[in-house]
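Before any comments, here is the structure.
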Protein chains: 2
Amino acid sequence: MSASREIELGTKFEPKFDANGLITAISQDAESGQILMVAYMNAEALDITIKTGNAVFFSRSRQKLWRKGEESGHVQKVRQILVDCDQDCLILKVKVDQGQCHVGYQSCFYRILKPSTKELDFIAEKVYDPQEAYKKDKK
Amino acid sequence: MSASREIELGTKFEPKFDANGLITAISQDAESGQILMVAYMNAEALDITIKTGNAVFFSRSRQKLWRKGEESGHVQKVRQILVDCDQDCLILKVKVDQGQCHVGYQSCFYRILKPSTKELDFIAEKVYDPQEAYKKDKK
């Protein structure tokens, strides 16, 4: 089997990190199927996620590990990890108890594009107050 | 409202293309919620998708527009486009009649990672024969 066929049809996990050492990870609610967010993992974040069962990403803006929920408490318990054909993208099937978008919504995808005007419509209500969740001095 | 707040909380569509001029697009079955594939769009692909209602991507390997289904016939009819908080990722809610992964599966995510051994298990059966779908001389 050729190398690319092996990646597509084999059972060996060979995650393909990009030029920045990152792989795309989609968090999807394990029960509802709702896509919650899209983030990135480096090898270390992926390794910790697999070992601990809690989603850990790599923040591109802060250039460091991002233990989801470390500030807000809004963790993602990883139930399953699915891998795509060319192994450059992962789905994390997760259980969550709280909103996952830092803006305050359950999902980061809270707006829909209107094709006619190319404007955005809001399709969700906020489920928590981010100012409360992210304030530094909370217990 | 600051520029970043405007992007997160506004109604203006300002897709954020990366250094290669691409934005991530997730195709999700509009009915079942199954994530079918993850691909990328440049501005032109996004524009054609919005105008025609058929998913068009930009192939990173071939460096050209990729009209999904142009060879296989396995098109994606776009029902909705959702946009995330920082506008660097899209969900295409699509209607499909046939398998979407070029390997022959309904979804590109046909394997699951076993955390204990880091091996992959297959979780799906093929739904079509790619050799048949992609052969050049078919009518």
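Quick note on naming: the chains in the structure tokens go A, B, ... in the order shown, residues restart at 1 in each chain, and ligands are numbered from 1 in order of appearance.
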Give one line per residue of chain B that approaches chain A to at most 8 Å, naming the two atoms of the closest pair and their distance in Å to one decimal, counting only C-alpha atoms; sort by chain then ascending residue number and deliver it as CSV.
residue,atom,partner,partner_atom,distance
B:Glu8,CA,A:Val103,CA,7.6
B:Gly10,CA,A:Leu120,CA,7.7
B:Thr11,CA,A:Leu120,CA,4.5
B:Lys12,CA,A:Glu119,CA,5.3
B:Phe13,CA,A:Glu119,CA,5.5
B:Gly33,CA,A:Gly33,CA,5.5
B:Gln34,CA,A:Gly33,CA,7.0
B:Met37,CA,A:Asp84,CA,7.7
B:Val38,CA,A:Cys89,CA,7.5
B:Ile50,CA,A:Pro115,CA,5.8
B:Lys51,CA,A:Pro115,CA,7.4
B:Gln80,CA,A:Ile112,CA,7.1
B:Ile81,CA,A:Leu113,CA,5.5
B:Leu82,CA,A:Ile112,CA,4.4
B:Val83,CA,A:Phe109,CA,5.4
B:Asp84,CA,A:Phe109,CA,4.3
B:Cys85,CA,A:Cys108,CA,5.3
B:Cys89,CA,A:Val38,CA,7.5
B:Ile91,CA,A:Phe109,CA,7.9
B:Cys101,CA,A:Cys85,CA,7.8
B:Val103,CA,A:Cys85,CA,7.5
B:Cys108,CA,A:Asp84,CA,4.9
B:Phe109,CA,A:Asp84,CA,4.3
B:Tyr110,CA,A:Asp84,CA,6.7
B:Arg111,CA,A:Val83,CA,5.6
B:Ile112,CA,A:Leu82,CA,4.4
B:Leu113,CA,A:Ile81,CA,5.5
B:Pro115,CA,A:Ile50,CA,5.8
B:Lys118,CA,A:Phe13,CA,6.3
B:Glu119,CA,A:Lys12,CA,5.3
B:Leu120,CA,A:Thr11,CA,4.5
B:Asp121,CA,A:Thr11,CA,6.4
B:Phe122,CA,A:Thr11,CA,7.9
Checklist entry - To one decimal place, how far is CA of Asp97 in chain B from CA of Val78 in chain B in Å? => result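 One can read the CA of Asp97 in chain B to CA of Val78 in chain B distance as 12.4 Å.
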Checklist entry - Among chain A, which ones does DSSP place in alpha helix (DSSP H), written as a list of chain:residue names? => result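 Selecting the alpha helix (DSSP H) positions of chain A gives A:Ala3, A:Ser4, A:Arg5, A:Glu6, A:Ile7, A:Glu8, A:Leu9, A:Ala43, A:Glu44, A:Ala45, A:Leu46, A:Asp47, A:Ile48, A:Thr49, A:Ile50, A:Lys51, A:Thr52, A:Pro130, A:Gln131, A:Glu132, A:Ala133.
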Item to check | Those of chain B in DSSP strand (DSSP E or B), formatted as a PyMOL selection string | outcome: chain B and resi 12+23-29+35-41+54+56-59+64-67+77-83+89-95+111-114+119-122
Item to check | All residues 9 Å or closer to Ala43 in chain A, only C-alpha atoms, same chain fewer than 5 positions away omitted, as a PyMOL selection string | outcome: chain A and resi 15+17+21-23+48
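Taking CA of Leu92 in chain B and CA of Asn54 in chain B as endpoints, the distance between them is 10.1 Å.
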Next on the checklist: So the first atom is CA of Gln98 in chain A and the second is CA of Tyr40 in chain A; what is the distance between them in Å, to one decimal place?
Outcome noted: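 Straight-line distance from CA of Gln98 in chain A to CA of Tyr40 in chain A works out to 20.5 Å.
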Checklist entry - Given the choices A:Lys77, A:Tyr134, A:Val94, A:Glu44, which gets closest to Leu65 in chain A if the distance is worked out from only C-alpha atoms? => result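 Nearest candidate to Leu65 in chain A out of A:Lys77, A:Tyr134, A:Val94, A:Glu44: A:Glu44.
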